[in-house]
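Colleague: Provided below: my_file_15.cif, containing mmCIF, C-alpha atoms.
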data_entry
loop_
_atom_site.label_atom_id
_atom_site.label_comp_id
_atom_site.auth_asym_id
_atom_site.auth_seq_id
_atom_site.Cartn_x
_atom_site.Cartn_y
_atom_site.Cartn_z
CA MET T 1 86.09 -12.49 -4.60
CA THR T 2 82.86 -14.40 -4.07
CA TYR T 3 81.38 -13.74 -0.64
CA ASP T 4 81.79 -16.61 1.77
CA SER T 5 79.01 -16.75 4.36
CA ALA T 6 81.47 -18.25 6.84
CA SER T 7 83.73 -15.18 6.64
CA VAL T 8 83.28 -13.23 9.84
CA SER T 9 85.79 -10.53 8.98
CA VAL T 10 83.80 -9.25 6.02
CA SER T 11 80.30 -9.43 7.47
CA ASP T 12 81.43 -7.87 10.74
CA THR T 13 83.25 -4.94 9.12
CA PRO T 14 81.35 -1.73 9.91
CA GLU T 15 79.93 -0.04 6.85
CA PRO T 16 81.46 3.35 6.02
CA PRO T 17 79.34 6.44 6.68
CA VAL T 18 77.24 7.79 3.81
CA ARG T 19 78.92 10.75 2.11
CA PHE T 20 76.92 13.33 0.18
CA TRP T 21 78.51 13.95 -3.22
CA PRO T 22 77.19 17.12 -4.90
CA VAL T 23 79.33 16.50 -8.03
CA ALA T 24 80.34 20.11 -8.49
CA ASP T 25 81.58 21.61 -11.75
CA LEU T 26 85.35 21.33 -12.04
CA PRO T 27 87.86 23.53 -13.88
CA GLY T 28 89.65 22.21 -16.94
CA LEU T 29 90.73 18.59 -16.71
CA ASP T 30 91.19 18.63 -12.93
CA PRO T 31 90.36 15.25 -11.37
CA ASP T 32 87.42 15.24 -8.98
CA PRO T 33 88.92 15.74 -5.47
CA PHE T 34 86.11 13.64 -3.98
CA LEU T 35 87.07 10.67 -6.15
CA ASP T 36 90.76 11.19 -5.38
CA GLU T 37 90.03 11.13 -1.65
CA VAL T 38 87.77 8.10 -1.80
CA LEU T 39 90.16 6.12 -4.02
CA ARG T 40 92.96 6.85 -1.57
CA GLU T 41 91.15 6.45 1.75
CA GLU T 42 87.91 4.45 1.28
CA PRO T 43 87.89 2.90 -2.23
CA ILE T 44 84.52 1.23 -1.63
CA THR T 45 82.27 3.66 0.19
CA ARG T 46 78.65 4.78 0.42
CA ILE T 47 77.33 7.93 -1.25
CA LYS T 48 74.20 10.00 -1.71
CA LEU T 49 73.77 12.03 -4.91
CA PRO T 50 71.60 15.14 -5.49
CA TYR T 51 68.47 13.32 -6.75
CA GLY T 52 66.53 10.14 -6.03
CA ASP T 53 66.10 8.03 -2.92
CA GLY T 54 68.42 6.21 -0.55
CA ASP T 55 72.16 5.80 -0.90
CA ALA T 56 74.52 3.62 -2.91
CA TRP T 57 77.92 2.00 -2.90
CA LEU T 58 80.67 3.72 -4.89
CA VAL T 59 83.44 1.49 -6.27
CA THR T 60 86.61 3.28 -7.39
CA ARG T 61 89.54 0.81 -7.60
CA TYR T 62 90.41 -0.48 -11.07
CA GLU T 63 90.19 -4.20 -10.25
CA ASP T 64 86.99 -3.74 -8.23
CA VAL T 65 85.34 -1.80 -11.04
CA ARG T 66 86.25 -4.52 -13.53
CA PHE T 67 84.89 -7.15 -11.16
CA VAL T 68 81.53 -5.46 -10.58
CA THR T 69 80.94 -4.56 -14.23
CA ALA T 70 81.65 -8.13 -15.40
CA ASP T 71 79.91 -10.12 -12.63
CA PRO T 72 76.34 -11.24 -13.52
CA ARG T 73 75.27 -10.82 -9.88
CA PHE T 74 75.17 -7.06 -10.49
CA SER T 75 72.09 -6.23 -12.54
CA ARG T 76 70.84 -3.20 -14.44
CA GLU T 77 67.37 -4.65 -14.95
CA GLN T 78 66.86 -4.55 -11.20
CA LEU T 79 66.84 -0.74 -11.44
CA LEU T 80 63.50 -0.76 -13.24
CA GLY T 81 60.77 0.72 -11.11
CA ARG T 82 63.19 1.91 -8.41
CA SER T 83 64.03 5.46 -7.45
CA VAL T 84 67.74 5.39 -6.61
CA THR T 85 70.10 8.17 -5.67
CA SER T 86 71.33 9.72 -8.92
CA MET T 87 72.86 12.77 -10.59
CA ARG T 88 69.80 13.90 -12.54
CA PRO T 89 66.05 13.81 -12.02
CA GLU T 90 65.33 11.81 -15.19
CA PRO T 91 67.30 8.88 -16.71
CA VAL T 92 69.18 9.68 -19.90
CA ALA T 93 68.26 6.40 -21.59
CA SER T 94 64.93 4.63 -21.85
CA GLN T 95 64.39 2.17 -19.00
CA THR T 96 61.91 0.10 -21.00
CA ALA T 97 63.98 -0.72 -24.09
CA GLY T 98 67.56 -0.67 -25.29
CA LEU T 99 70.87 -1.90 -23.98
CA GLN T 100 71.44 0.25 -20.91
CA TYR T 101 68.89 -1.24 -18.50
CA ILE T 102 68.86 -4.90 -19.45
CA ASP T 103 70.93 -7.96 -18.58
CA PRO T 104 71.98 -11.04 -20.53
CA PRO T 105 70.59 -12.97 -22.34
CA ARG T 106 68.28 -10.24 -23.70
CA HIS T 107 71.17 -7.82 -23.67
CA ASN T 108 73.21 -10.20 -25.82
CA ARG T 109 70.41 -10.39 -28.40
CA LEU T 110 70.21 -6.59 -28.83
CA ARG T 111 73.96 -6.14 -28.76
CA ARG T 112 74.39 -8.65 -31.60
CA VAL T 113 72.05 -6.57 -33.77
CA VAL T 114 73.88 -3.28 -33.13
CA ALA T 115 77.28 -4.95 -33.56
CA ARG T 116 76.42 -5.54 -37.23
CA ALA T 117 76.84 -1.80 -37.77
CA PHE T 118 80.04 -1.46 -35.71
CA THR T 119 82.48 -3.55 -37.71
CA GLY T 120 85.93 -2.93 -39.13
CA ARG T 121 84.38 -2.90 -42.59
CA SER T 122 81.81 -0.25 -41.65
CA MET T 123 84.52 1.93 -40.10
CA GLN T 124 86.60 1.58 -43.28
CA ARG T 125 83.56 2.84 -45.18
CA LEU T 126 82.93 5.64 -42.69
CA ARG T 127 86.50 6.89 -42.21
CA PRO T 128 86.93 8.54 -45.65
CA LEU T 129 83.59 10.28 -45.11
CA ALA T 130 84.78 11.46 -41.69
CA GLU T 131 88.09 12.71 -43.12
CA GLY T 132 86.16 14.62 -45.76
CA ARG T 133 83.89 16.18 -43.12
CA ALA T 134 86.89 17.28 -41.06
CA ALA T 135 88.62 18.77 -44.11
CA GLU T 136 85.50 20.74 -45.07
CA LEU T 137 85.12 22.14 -41.56
CA LEU T 138 88.79 23.12 -41.33
CA ASP T 139 88.66 24.72 -44.78
CA VAL T 140 85.99 27.07 -43.46
CA MET T 141 87.90 27.68 -40.22
CA GLU T 142 91.14 28.47 -42.03
CA ALA T 143 89.40 30.80 -44.47
CA ALA T 144 87.74 32.70 -41.60
CA GLY T 145 91.12 33.14 -39.96
CA ALA T 146 92.41 33.14 -36.41
CA PRO T 147 91.35 33.22 -33.67
CA ALA T 148 88.83 30.41 -33.94
CA ASP T 149 86.76 28.37 -31.49
CA LEU T 150 87.50 24.69 -32.10
CA MET T 151 84.29 23.65 -30.33
CA GLU T 152 82.26 25.71 -32.79
CA ARG T 153 84.32 24.95 -35.87
CA LEU T 154 85.25 21.27 -35.41
CA HIS T 155 84.43 19.39 -32.20
CA GLY T 156 80.77 20.43 -32.26
CA PRO T 157 79.75 19.84 -35.89
CA PHE T 158 82.14 16.99 -36.75
CA PRO T 159 80.78 14.25 -34.41
CA ILE T 160 77.21 15.17 -35.34
CA ALA T 161 78.09 14.92 -39.03
CA VAL T 162 79.74 11.51 -38.50
CA VAL T 163 76.92 10.07 -36.41
CA ARG T 164 74.47 11.46 -38.96
CA ASP T 165 76.31 9.60 -41.72
CA PHE T 166 76.44 6.48 -39.55
CA LEU T 167 72.73 6.59 -38.67
CA GLY T 168 71.62 7.68 -42.12
CA VAL T 169 70.19 11.10 -41.17
CA GLU T 170 69.65 13.58 -43.97
CA GLU T 171 72.28 16.34 -44.00
CA SER T 172 69.69 19.12 -43.76
CA ASP T 173 68.42 17.73 -40.44
CA TRP T 174 71.68 17.41 -38.47
CA HIS T 175 71.31 20.62 -36.42
CA ARG T 176 68.05 19.42 -34.82
CA TRP T 177 69.76 16.22 -33.67
CA ALA T 178 72.61 18.23 -32.14
CA GLN T 179 70.24 20.31 -30.02
CA THR T 180 68.54 17.29 -28.44
CA GLY T 181 71.86 15.70 -27.45
CA GLU T 182 72.74 18.71 -25.29
CA ALA T 183 69.38 18.66 -23.50
CA LEU T 184 69.39 14.90 -22.92
CA LEU T 185 72.63 15.10 -20.96
CA SER T 186 71.93 18.22 -18.92
CA ALA T 187 72.17 17.82 -15.14
CA GLY T 188 70.90 21.24 -14.03
CA SER T 189 67.78 22.10 -12.06
CA ASP T 190 65.76 22.49 -15.27
CA ALA T 191 67.00 19.16 -16.67
CA LYS T 192 63.70 17.33 -16.12
CA GLY T 193 61.65 19.55 -18.44
CA ARG T 194 64.36 19.95 -21.05
CA GLY T 195 65.22 16.25 -20.99
CA LYS T 196 61.60 15.17 -21.44
CA GLU T 197 61.09 17.48 -24.41
CA ALA T 198 64.41 16.37 -25.95
CA SER T 199 63.46 12.70 -25.51
CA GLN T 200 60.14 13.25 -27.25
CA ASN T 201 61.76 15.14 -30.14
CA THR T 202 64.48 12.55 -30.53
CA ARG T 203 61.98 9.70 -30.54
CA ALA T 204 59.89 11.38 -33.24
CA ARG T 205 62.92 11.88 -35.49
CA ILE T 206 64.14 8.33 -35.05
CA VAL T 207 60.67 6.88 -35.76
CA GLU T 208 60.59 8.90 -38.98
CA LEU T 209 64.10 7.74 -39.94
CA LEU T 210 63.33 4.05 -39.32
CA GLU T 211 60.15 4.27 -41.37
CA ARG T 212 62.15 5.78 -44.22
CA ARG T 213 64.70 2.96 -44.04
CA ARG T 214 61.94 0.37 -44.36
CA ARG T 215 61.04 2.00 -47.67
CA GLU T 216 64.64 2.81 -48.69
CA PRO T 217 67.05 0.16 -47.28
CA ARG T 218 70.68 1.21 -46.82
CA GLU T 219 73.81 -0.09 -45.07
CA ASP T 220 73.64 2.45 -42.24
CA LEU T 221 72.62 1.91 -38.61
CA ALA T 222 69.01 2.88 -39.29
CA GLY T 223 68.95 0.29 -42.06
CA VAL T 224 70.37 -2.40 -39.75
CA LEU T 225 67.77 -1.61 -37.07
CA ALA T 226 64.87 -1.41 -39.52
CA GLN T 227 65.83 -4.78 -41.01
CA ALA T 228 66.07 -6.32 -37.53
CA VAL T 229 62.58 -5.05 -36.67
CA GLU T 230 61.20 -6.48 -39.90
CA ALA T 231 62.81 -9.83 -39.04
CA ASP T 232 61.25 -9.75 -35.51
CA GLU T 233 64.70 -9.77 -33.91
CA ILE T 234 63.96 -6.58 -31.98
CA THR T 235 60.89 -4.44 -31.29
CA ASP T 236 60.19 -0.91 -32.51
CA ASP T 237 60.83 0.45 -29.01
CA GLU T 238 64.14 -1.39 -28.80
CA ALA T 239 65.22 0.00 -32.18
CA ILE T 240 64.31 3.53 -31.11
CA SER T 241 66.20 3.22 -27.81
CA LEU T 242 69.28 1.80 -29.52
CA ALA T 243 69.35 4.60 -32.09
CA THR T 244 68.87 7.18 -29.32
CA ALA T 245 71.84 5.83 -27.36
CA ILE T 246 74.07 6.00 -30.45
CA GLN T 247 72.90 9.52 -31.25
CA VAL T 248 73.67 10.79 -27.75
CA SER T 249 77.02 9.05 -27.31
CA GLY T 250 78.06 9.60 -30.91
CA GLY T 251 77.23 13.30 -30.88
CA HIS T 252 77.32 15.00 -27.51
CA ALA T 253 79.77 12.67 -25.77
CA VAL T 254 82.31 12.62 -28.62
CA ARG T 255 82.05 16.41 -28.91
CA ASN T 256 83.08 16.94 -25.31
CA ASN T 257 85.56 14.07 -25.07
CA SER T 258 87.41 15.08 -28.22
CA GLY T 259 87.43 18.72 -27.11
CA SER T 260 88.98 17.69 -23.80
CA MET T 261 91.55 15.56 -25.63
CA MET T 262 92.56 18.51 -27.80
CA TYR T 263 92.74 20.75 -24.73
CA ALA T 264 95.05 18.18 -23.15
CA LEU T 265 97.34 18.29 -26.20
CA LEU T 266 97.31 22.08 -26.36
CA THR T 267 98.36 22.22 -22.72
CA HIS T 268 101.04 19.56 -23.30
CA PRO T 269 102.88 21.10 -26.29
CA GLU T 270 105.80 18.66 -26.12
CA GLU T 271 103.45 15.69 -26.56
CA MET T 272 101.63 17.50 -29.37
CA ASP T 273 104.90 18.22 -31.18
CA ARG T 274 105.88 14.58 -30.81
CA LEU T 275 102.66 13.49 -32.54
CA ARG T 276 103.53 15.78 -35.44
CA ARG T 277 106.95 14.14 -35.71
CA GLU T 278 105.66 10.60 -35.15
CA PRO T 279 102.17 10.35 -36.68
CA GLU T 280 102.34 6.55 -36.43
CA LEU T 281 102.04 7.01 -32.65
CA LEU T 282 98.53 8.47 -32.98
CA PRO T 283 96.43 5.34 -32.19
CA LYS T 284 98.40 4.69 -29.01
CA ALA T 285 98.27 8.37 -28.07
CA VAL T 286 94.50 8.46 -28.54
CA ASP T 287 94.05 5.53 -26.16
CA GLU T 288 96.21 7.28 -23.57
CA LEU T 289 94.13 10.44 -24.00
CA PHE T 290 90.97 8.43 -23.39
CA ARG T 291 92.50 7.16 -20.15
CA TYR T 292 93.88 10.52 -19.04
CA VAL T 293 90.91 12.78 -19.76
CA PRO T 294 88.18 12.81 -17.07
CA HIS T 295 85.41 12.23 -19.59
CA ARG T 296 82.44 12.67 -17.29
CA ASN T 297 81.22 14.28 -14.11
CA GLY T 298 80.31 11.87 -11.36
CA VAL T 299 79.08 8.44 -12.37
CA GLY T 300 76.80 6.80 -14.93
CA ILE T 301 74.14 4.10 -14.69
CA PRO T 302 74.41 1.99 -11.52
CA ARG T 303 73.76 -1.71 -10.90
CA VAL T 304 71.89 -3.63 -8.20
CA ALA T 305 73.35 -6.64 -6.37
CA THR T 306 71.08 -9.67 -6.83
CA GLU T 307 72.71 -11.51 -3.93
CA ASP T 308 75.28 -10.87 -1.23
CA VAL T 309 78.70 -10.32 -2.85
CA GLU T 310 82.08 -9.47 -1.37
CA VAL T 311 83.92 -6.77 -3.29
CA GLY T 312 87.34 -5.62 -2.18
CA GLY T 313 86.77 -6.62 1.43
CA ARG T 314 83.30 -5.07 1.67
CA LEU T 315 80.04 -7.01 1.82
CA ILE T 316 77.51 -5.66 -0.66
CA ARG T 317 74.12 -7.09 0.18
CA ALA T 318 71.36 -8.19 -2.17
CA GLY T 319 69.35 -5.16 -3.26
CA ASP T 320 72.15 -2.64 -2.70
CA VAL T 321 72.79 -0.09 -5.46
CA VAL T 322 76.37 0.07 -6.78
CA TYR T 323 78.00 2.81 -8.85
CA ASN T 324 81.31 2.28 -10.66
CA ALA T 325 83.69 5.25 -11.04
CA TYR T 326 85.50 4.59 -14.33
CA VAL T 327 87.25 7.96 -14.14
CA ALA T 328 88.72 7.09 -10.74
CA ALA T 329 89.72 3.60 -11.91
CA ASN T 330 91.64 5.13 -14.82
CA ARG T 331 93.79 7.03 -12.26
CA ASP T 332 94.35 4.04 -9.94
CA ARG T 333 98.07 3.80 -9.13
CA GLU T 334 97.76 0.04 -8.69
CA ALA T 335 96.79 -0.27 -12.36
CA PHE T 336 98.69 2.59 -14.03
CA ALA T 337 102.16 3.85 -13.18
CA GLU T 338 102.15 7.63 -12.64
CA PRO T 339 98.45 7.83 -13.58
CA ASP T 340 98.33 11.64 -13.52
CA THR T 341 100.95 11.83 -16.27
CA LEU T 342 100.02 11.90 -19.96
CA ASP T 343 102.35 9.18 -21.25
CA PHE T 344 102.25 8.07 -24.89
CA ASP T 345 104.84 5.38 -24.14
CA ARG T 346 102.63 3.57 -21.62
CA GLU T 347 103.21 -0.13 -22.25
CA THR T 348 99.84 -1.46 -21.09
CA ASN T 349 96.72 0.67 -21.22
CA ALA T 350 93.58 -1.38 -20.64
CA HIS T 351 91.68 1.72 -19.57
CA LEU T 352 87.99 1.79 -18.69
CA ALA T 353 86.92 4.90 -20.57
CA PHE T 354 84.46 2.77 -22.56
CA GLY T 355 83.36 0.68 -19.59
CA HIS T 356 83.89 -3.05 -19.15
CA GLY T 357 81.95 -6.29 -19.33
CA PRO T 358 78.63 -6.78 -21.14
CA HIS T 359 77.96 -3.03 -21.23
CA HIS T 360 81.32 -2.10 -22.76
CA CYS T 361 80.57 0.67 -25.29
CA LEU T 362 79.97 -0.75 -28.76
CA ALA T 363 80.77 2.64 -30.27
CA ALA T 364 84.36 2.58 -28.97
CA ILE T 365 85.68 1.66 -32.42
CA MET T 366 83.98 4.71 -33.93
CA ALA T 367 85.00 7.07 -31.11
CA ARG T 368 88.65 6.08 -31.56
CA MET T 369 88.42 6.61 -35.31
CA GLU T 370 86.85 10.07 -34.87
CA ALA T 371 89.49 11.17 -32.38
CA GLU T 372 92.28 10.04 -34.71
CA VAL T 373 90.72 11.88 -37.66
CA MET T 374 90.23 15.15 -35.76
CA ILE T 375 93.66 15.23 -34.14
CA SER T 376 95.46 14.23 -37.33
CA ALA T 377 93.60 16.84 -39.38
CA LEU T 378 94.39 19.63 -36.92
CA LEU T 379 98.06 18.78 -36.48
CA THR T 380 98.59 18.43 -40.24
CA ARG T 381 96.70 21.57 -41.23
CA PHE T 382 98.02 23.87 -38.48
CA PRO T 383 101.66 23.06 -37.55
CA ASP T 384 101.80 25.78 -34.87
CA LEU T 385 98.27 25.54 -33.48
CA ARG T 386 98.08 26.92 -29.94
CA LEU T 387 95.63 28.28 -27.40
CA ALA T 388 94.57 31.88 -27.92
CA VAL T 389 94.11 32.40 -24.16
CA PRO T 390 95.84 31.11 -21.02
CA PRO T 391 94.69 27.54 -20.19
CA ALA T 392 92.87 28.70 -17.05
CA GLU T 393 90.68 31.01 -19.15
CA VAL T 394 89.26 28.21 -21.31
CA GLU T 395 85.61 27.88 -20.27
CA PHE T 396 84.30 24.37 -19.61
CA GLN T 397 80.74 23.03 -19.62
CA ARG T 398 78.65 23.49 -16.48
CA GLN T 399 75.93 21.24 -15.04
CA GLY T 400 76.55 18.50 -17.59
CA LEU T 401 77.16 14.79 -17.22
CA ILE T 402 79.89 14.76 -19.86
CA ARG T 403 82.85 17.07 -19.23
CA GLY T 404 84.36 19.18 -21.98
CA PRO T 405 85.27 22.69 -23.07
CA LYS T 406 82.43 25.09 -23.80
CA THR T 407 84.80 27.06 -26.00
CA LEU T 408 88.33 26.23 -27.16
CA PRO T 409 89.88 29.38 -28.71
CA VAL T 410 93.00 28.79 -30.81
CA ILE T 411 95.35 30.73 -33.07
CA TRP T 412 97.89 29.76 -35.72
CA SER T 413 100.27 31.42 -38.16
CA VAL T 414 99.08 32.11 -41.68
CA ARG T 415 100.92 29.98 -44.21
CA GLY T 416 102.81 31.88 -46.89
#
Render the structure in this file as structure tokens.

Modeller:
Amino acid sequence: MTYDSASVSVSDTPEPPVRFWPVADLPGLDPDPFLDEVLREEPITRIKLPYGDGDAWLVTRYEDVRFVTADPRFSREQLLGRSVTSMRPEPVASQTAGLQYIDPPRHNRLRRVVARAFTGRSMQRLRPLAEGRAAELLDVMEAAGAPADLMERLHGPFPIAVVRDFLGVEESDWHRWAQTGEALLSAGSDAKGRGKEASQNTRARIVELLERRRREPREDLAGVLAQAVEADEITDDEAISLATAIQVSGGHAVRNNSGSMMYALLTHPEEMDRLRREPELLPKAVDELFRYVPHRNGVGIPRVATEDVEVGGRLIRAGDVVYNAYVAANRDREAFAEPDTLDFDRETNAHLAFGHGPHHCLAAIMARMEAEVMISALLTRFPDLRLAVPPAEVEFQRQGLIRGPKTLPVIWSVRG
């Protein structure tokens, strides 16, 4: 796919017109019609988003997305200091430290530090805690009786409790961390003010937590980061940015993703009944749910081409901004047979819900574990769990970057 300067066909191909993409709120788990159209008719096109300057390329095909996200000629560091077209007025993550806006080899150094906390051993330690948290929450829900809102009773508090245990946050402080996650990922007109305040509050809490871990070492993420700072492997700012990214993705993102996954099961009762009969299918089913669920609105952090590169028959020139649509790639018919079908028997499922390449989400192992724990706990505890309202009446989040139900009302029969 490397661009050949002697290729006339690519360089002479007219660029597609710039399309404005407002990224409107969508009902339920409906795919974005804009992405469907682009994937079908112009899989590499140019877009302008509601905020920022200029326009950008949008890449939607599965193989093209994998290519761009793995090729070192597409840089995140090159975004620093640039105002590019984007979905929100302020970046979610710090542009001066952390993993999101850096390239290898610095990226590799920080990733190695965080990877010490995301191991099979750490998940084995965390899983019993997570199962206990889920059981406690469902005890309360069952005692209160039906109907119940799963977002309030489980999908909201559970991921925050797990990420709190993983980070090492004191139990009495978890609700303050939950509030900042919502504000950090808001995309509305008031997002700039709310996001700035949330960033400041989050930073203050993480600084306090890291200072505590220097005095009281533990085997949690805060302990790993504090030890790495003491060993001069990373800076204080890098540790703060890394912890912030885990807090946001581990709380807010998992809340909405897992809520959407449960909504998908509740609206596919045959698949949900099958999981009850075949619990050993759960890990494979969770991966298919990650592929099937449109986990975000629009697109995430873009990249900048550092030289001219041919991608899928289009010439992307040095300095051009490129967005990758993982959600569209997960519905690409060239990569997945019948992509709009929820299929637990899918033979190959190398989905891109967690990204690809150097910026592949380190927390994927924890997100999978949390989804398995929540779904298993619900299906075991409530054999006839079902929606309390018609599917179309389930309210979903508005003006957010991560899609998910705002409420998820359910009912069940009382056990005798």

Colleague: Point out the residue among T:Glu370, T:Asp384, T:Asp236, T:Glu219 with the least atom-to-atom distance to Arg121 of chain T, counting all atoms listed in the file.

Modeller: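 Of all the options, T:Glu219 lies closest to Arg121 of chain T.
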
Colleague: Measuring between only C-alpha atoms, which one of T:Glu208, T:Glu372, T:Glu90, T:Asp25 shows the shortest distance to Phe290 of chain T?

Modeller: T:Glu372

Colleague: Please expand the PyMOL selection byres ((chain T and resi 379) around 12) into the concrete residues it hits in this file, giving the result as number ranges by chain.

Modeller: T: 138, 262, 265-266, 269, 271-279, 282, 372-378, 380-386, 412

Colleague: Which residues, named as in the file, does the PyMOL selection byres ((chain T and resi 213-217) around 12) pick out? Answer as an MDAnalysis selection string.

Modeller: chainID T and resid 167:170 206:212 218:231

Colleague: Would you kindly translate the PyMOL selection byres ((chain T and resi 132) around 12) into the concrete residues it picks from this file, as a ChimeraX atom specification?

Modeller: /T:126-131,133-139,158,161-162,165,370,373-374,377

Colleague: Could you state the separation of atom CA of Pro157 of chain T and atom CA of Gly251 of chain T in Å, given to one decimal place?

Modeller: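 One can read the atom CA of Pro157 of chain T to atom CA of Gly251 of chain T distance as 8.6 Å.
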
Colleague: So that I can check the surroundings of segment 39-46 of chain T, please list as a PyMOL selection string every protein, DNA and RNA residue that reaches within 12 Å of it, counting only C-alpha atoms and ignoring chain neighbours fewer than 5 positions away.

Modeller: chain T and resi 14-21+31-34+54-65+68+85+310-316+320-334

Colleague: Return the single residue from T:Gly298, T:Pro104, T:Pro72, T:Gly319 that is closest to Val23 of chain T, with distances computed using all atoms listed in the file.

Modeller: T:Gly298

Colleague: Please indicate the distance in Å from atom CA of Val84 of chain T to atom CA of Leu29 of chain T, rounded to one decimal place.

Modeller: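 Pair atom CA of Val84 of chain T / atom CA of Leu29 of chain T returns 28.4 Å.
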
Colleague: Distance atom CA of Asp232 of chain T-atom CA of Ser122 of chain T, one decimal place?

Modeller: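 Going from atom CA of Asp232 of chain T over to atom CA of Ser122 of chain T, I get 23.5 Å.
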
Colleague: Go through T:Arg111, T:Arg415, T:His252, T:Arg66 and flag the residue nearest His155 of chain T, using only C-alpha atoms for the distances.

Modeller: T:His252

Colleague: For segment 340-351 of chain T, find every residue with an atom within 8 Å (counting only C-alpha atoms), except residues of its own chain fewer than 2 positions away, and show them as a list in words.

Modeller: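 Within the cut-off, the hits are Glu271, Leu281, Lys284, Ala285, Asp287, Glu288, Leu289, Phe290, Arg291, Tyr292, Asn330, Arg331, Phe336, Glu338, Ala353 and Phe354 of chain T.
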
Colleague: Print the selection's residues with C-alpha atoms to a file, as a PDB file, keeping the file's coordinate frame.

Modeller:
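Now in out.pdb:
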ATOM      1  CA  GLU T 271     103.450  15.690 -26.560  1.00  0.00           C
ATOM      2  CA  LEU T 281     102.040   7.010 -32.650  1.00  0.00           C
ATOM      3  CA  LYS T 284      98.400   4.690 -29.010  1.00  0.00           C
ATOM      4  CA  ALA T 285      98.270   8.370 -28.070  1.00  0.00           C
ATOM      5  CA  ASP T 287      94.050   5.530 -26.160  1.00  0.00           C
ATOM      6  CA  GLU T 288      96.210   7.280 -23.570  1.00  0.00           C
ATOM      7  CA  LEU T 289      94.130  10.440 -24.000  1.00  0.00           C
ATOM      8  CA  PHE T 290      90.970   8.430 -23.390  1.00  0.00           C
ATOM      9  CA  ARG T 291      92.500   7.160 -20.150  1.00  0.00           C
ATOM     10  CA  TYR T 292      93.880  10.520 -19.040  1.00  0.00           C
ATOM     11  CA  ASN T 330      91.640   5.130 -14.820  1.00  0.00           C
ATOM     12  CA  ARG T 331      93.790   7.030 -12.260  1.00  0.00           C
ATOM     13  CA  PHE T 336      98.690   2.590 -14.030  1.00  0.00           C
ATOM     14  CA  GLU T 338     102.150   7.630 -12.640  1.00  0.00           C
ATOM     15  CA  ALA T 353      86.920   4.900 -20.570  1.00  0.00           C
ATOM     16  CA  PHE T 354      84.460   2.770 -22.560  1.00  0.00           C
TER      17      PHE T 354
END

Colleague: Please identify all polymer residues within 10 Å of Ala146 of chain T, counting all atoms listed in the file, omitting same-chain residues fewer than 5 positions from it, and present them as a list in words.

Modeller: Met141, Ala388, Pro409, Val410, Ile411, Trp412, Ser413 and Val414 of chain T

Colleague: So which one's closest to Phe74 of chain T, T:Ala144, T:Leu99, T:Val304, T:Met123? Using only C-alpha atoms, please.

Modeller: T:Val304

Colleague: Here is a test: counting all atoms listed in the file, which residue of T:Pro302, T:Pro358, T:Gly250, T:Pro50 is nearest to Arg109 of chain T?

Modeller: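 Looking at the shortest contact to Arg109 of chain T, the residue is T:Pro358.
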
Colleague: What residues have an atom no more than 9 Å from (67.5, -4.7, -10.4) in the file's own frame, counting only C-alpha atoms, and can you write them as an NGL selection string?

Modeller: :T and (74-82 or 101 or 303-306 or 319 or 321)

Colleague: Keeping only C-alpha atoms, write the selected residues as an mmCIF file, in the coordinates of the input.

Modeller:
data_model
loop_
_atom_site.group_PDB
_atom_site.id
_atom_site.type_symbol
_atom_site.label_atom_id
_atom_site.label_comp_id
_atom_site.auth_asym_id
_atom_site.auth_seq_id
_atom_site.Cartn_x
_atom_site.Cartn_y
_atom_site.Cartn_z
ATOM 1 C CA PHE T 74 75.170 -7.060 -10.490
ATOM 2 C CA SER T 75 72.090 -6.230 -12.540
ATOM 3 C CA ARG T 76 70.840 -3.200 -14.440
ATOM 4 C CA GLU T 77 67.370 -4.650 -14.950
ATOM 5 C CA GLN T 78 66.860 -4.550 -11.200
ATOM 6 C CA LEU T 79 66.840 -0.740 -11.440
ATOM 7 C CA LEU T 80 63.500 -0.760 -13.240
ATOM 8 C CA GLY T 81 60.770 0.720 -11.110
ATOM 9 C CA ARG T 82 63.190 1.910 -8.410
ATOM 10 C CA TYR T 101 68.890 -1.240 -18.500
ATOM 11 C CA ARG T 303 73.760 -1.710 -10.900
ATOM 12 C CA VAL T 304 71.890 -3.630 -8.200
ATOM 13 C CA ALA T 305 73.350 -6.640 -6.370
ATOM 14 C CA THR T 306 71.080 -9.670 -6.830
ATOM 15 C CA GLY T 319 69.350 -5.160 -3.260
ATOM 16 C CA VAL T 321 72.790 -0.090 -5.460
#
